[in-house]
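Comments concern the structure below.
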Amino acid sequence: MALPSNRTEFLEYCMRKLGKGAIDINVTSHQAQDRIDEAIEHFQEYHDEGSERAFISYQLTATDITNKYITFSNLSPKPLGISRYISTKSAKGGTSFFDVEYQYMDSHVHSLSGAQMQYYYFAMQHLEHIENIFDFHTAINFNKHSTKLEIFEDWTTFSADDYLVFDAVVALSESTSTMWTNKWLRDYTTALIKQQWGDNLSKYEGLQTIGGVTFSGQQILTSATEELERLEQQVKDFEAAPLGVFIG
């Protein structure tokens, strides 16, 4: 059978892997959906294929400047972590009459050909180098569970309608990505559902049915827990996202 391409097919895949159709898997549909949510959350936050880098642009409002923070719900898409913000007001880029690049272009636009274009490139590289030396990254305070994104900056330097760009990490979307085909996510979700199954059966440990079958949920629970520990260690050792962006 083909690999799952949506949530419904994904759940069926995991249940078949546990033996659905041959034996009864004693979990409710709500429990199974909860375990999928847990697996996706772990995948998006810790697995290097569960998230991606994104630059999120945001236009400041007068309310933001008054509050001296940005309401987190206004950012789209919602980031898992933010490493820095980039102001569109830079020493080497923009359209302002007082901007360095604007002045350079205005003075040299008629001669920017041949060797002059090479000179322009190195001039812009030099301006960027100067900016990196003197423009220290402003500290920010971000937590994905908070309602505020704080920037420790002199807010009088900002104006309403200014744009900020956030260098962020965002979770893969369930609807627009192929995350359902990821082998680690499939195995981890199956192990979580198996653990739930074992936990359910362990409440009736040793109980014998009319047909003489004895419940042994503890064995299933132990096996699932060992699988989860192995998969979580696998992420830590081989598939964790690289350092550089703090997950909030």
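Residues in the structure tokens are numbered from 1 in each chain, the chains being A, B, ... in the order shown, and ligands are numbered from 1 in the order shown.
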For Glu41 (chain A): contacts at 9 Å, only C-alpha atoms, fewer than 4 positions along chain excluded, given as a JSON list (two decimals) with N, CA and C atoms, in the first residue's frame:
```json
[["chain", "number", "residue", "atom", "x", "y", "z"],
["A", 36, "ILE", "N", -1.40, 11.12, 18.02],
["A", 36, "ILE", "CA", -0.89, 11.72, 16.78],
["A", 36, "ILE", "C", -0.45, 13.15, 17.04],
["A", 37, "ASP", "N", -1.26, 13.91, 17.78],
["A", 37, "ASP", "CA", -0.91, 15.29, 18.10],
["A", 37, "ASP", "C", 0.40, 15.36, 18.87],
["A", 45, "GLU", "N", 9.24, 19.99, 16.86],
["A", 45, "GLU", "CA", 10.14, 20.71, 17.75],
["A", 45, "GLU", "C", 11.55, 20.14, 17.79],
["A", 46, "TYR", "N", 11.72, 18.84, 17.52],
["A", 46, "TYR", "CA", 13.02, 18.22, 17.73],
["A", 46, "TYR", "C", 13.64, 17.59, 16.49],
["A", 50, "GLY", "N", 11.08, 18.33, 10.76],
["A", 50, "GLY", "CA", 9.77, 18.74, 11.24],
["A", 50, "GLY", "C", 9.53, 20.23, 11.22],
["A", 171, "ALA", "N", 6.94, 25.44, 12.10],
["A", 171, "ALA", "CA", 6.60, 24.02, 11.98],
["A", 171, "ALA", "C", 6.07, 23.72, 10.60]]
```
Excluding Asn6 (chain A) and any residue of its chain fewer than 5 positions from it, enumerate the residues within 10 Å of it, using only C-alpha atoms, and give them as a PyMOL selection string. chain A and resi 11+174-181
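Counting from CA of Thr8 (chain A), the distance to CA of Asp187 (chain A) is 16.1 Å.
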Mind checking which residues fall within 10 Å of Lys17 (chain A), counting only C-alpha atoms, ignoring those fewer than 2 positions away in the same chain, and posting them as a list of chain:residue names? A:Leu11, A:Glu12, A:Tyr13, A:Cys14, A:Met15, A:Gly19, A:Lys20, A:Gly21, A:Arg186, A:Asp187, A:Thr190, A:Ala191, A:Lys194
Could you write out the selected residues, including C-alpha atoms, as a PDB file, in the first residue's frame?
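part.pdb written:
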```pdb
ATOM      1  CA  LEU A  11      -3.895   6.820  11.513  1.00  0.00           C
ATOM      2  CA  GLU A  12      -5.000   3.784   9.513  1.00  0.00           C
ATOM      3  CA  TYR A  13      -1.377   3.018   8.639  1.00  0.00           C
ATOM      4  CA  CYS A  14      -0.313   3.096  12.295  1.00  0.00           C
ATOM      5  CA  MET A  15      -3.258   0.947  13.397  1.00  0.00           C
ATOM      6  CA  GLY A  19      -2.281  -5.459  13.891  1.00  0.00           C
ATOM      7  CA  LYS A  20      -5.665  -3.888  13.141  1.00  0.00           C
ATOM      8  CA  GLY A  21      -7.730  -6.318  11.106  1.00  0.00           C
ATOM      9  CA  ARG A 186       5.282   6.886  11.534  1.00  0.00           C
ATOM     10  CA  ASP A 187       7.284   4.724  13.925  1.00  0.00           C
ATOM     11  CA  THR A 190       2.757   3.834  16.239  1.00  0.00           C
ATOM     12  CA  ALA A 191       4.786   3.409  19.446  1.00  0.00           C
ATOM     13  CA  LYS A 194       0.947   1.039  21.316  1.00  0.00           C
TER      14      LYS A 194
END
```
Out of region 139-175 of chain A, which residues get strand (DSSP E or B) from DSSP, as a ChimeraX atom specification? /A:140-141,148-151,163-171
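Closest approach to Ala240 (chain A) from the set A:Thr157, A:Ser146, A:Gln44, A:Gln196 is made by A:Gln44, with distances taken over only C-alpha atoms.
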Quick check for you: according to DSSP on this backbone, which residues of region 45-75 of chain A are classed as alpha helix (DSSP H)? Reply as an MDAnalysis selection string. chainID A and resid 45:46 62:67
Distance of CA of Asp154 (chain A) from CA of Asp64 (chain A), expressed in Å to one decimal place: 12.8 Å
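Residues surrounding Ser87 (chain A) within 10 Å are Ser57, Arg84, Tyr85, Lys89, Ser90, Phe158, Asp162, Tyr163, Leu164, Val165 and Phe166 of chain A [only C-alpha atoms; sequence separation below 2 positions excluded].
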Selected residues written out with C-alpha atoms, as a PDB file, in the first residue's frame:
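So result.pdb came out as:
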```
ATOM      1  CA  SER A  57       7.643  40.120   7.742  1.00  0.00           C
ATOM      2  CA  ARG A  84      16.770  37.687  15.571  1.00  0.00           C
ATOM      3  CA  TYR A  85      14.909  40.441  13.837  1.00  0.00           C
ATOM      4  CA  LYS A  89      16.290  50.452   8.035  1.00  0.00           C
ATOM      5  CA  SER A  90      19.877  49.441   7.241  1.00  0.00           C
ATOM      6  CA  PHE A 158      10.474  52.938  15.052  1.00  0.00           C
ATOM      7  CA  ASP A 162       7.789  50.278   9.522  1.00  0.00           C
ATOM      8  CA  TYR A 163       8.541  46.692   8.547  1.00  0.00           C
ATOM      9  CA  LEU A 164      10.460  44.189  10.658  1.00  0.00           C
ATOM     10  CA  VAL A 165      11.615  40.815   9.358  1.00  0.00           C
ATOM     11  CA  PHE A 166      12.007  37.951  11.829  1.00  0.00           C
TER      12      PHE A 166
END
```
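Neighbours of Trp197 (chain A) closer than or equal to 9 Å, with only C-alpha atoms counted and sequence neighbours fewer than 2 positions away skipped, come out as Ile25, Asn26, Val27, Leu192, Ile193, Lys194, Gln195, Asp199, Asn200, Leu201, Ser202, Gly217, Ile220 and Leu221 of chain A.
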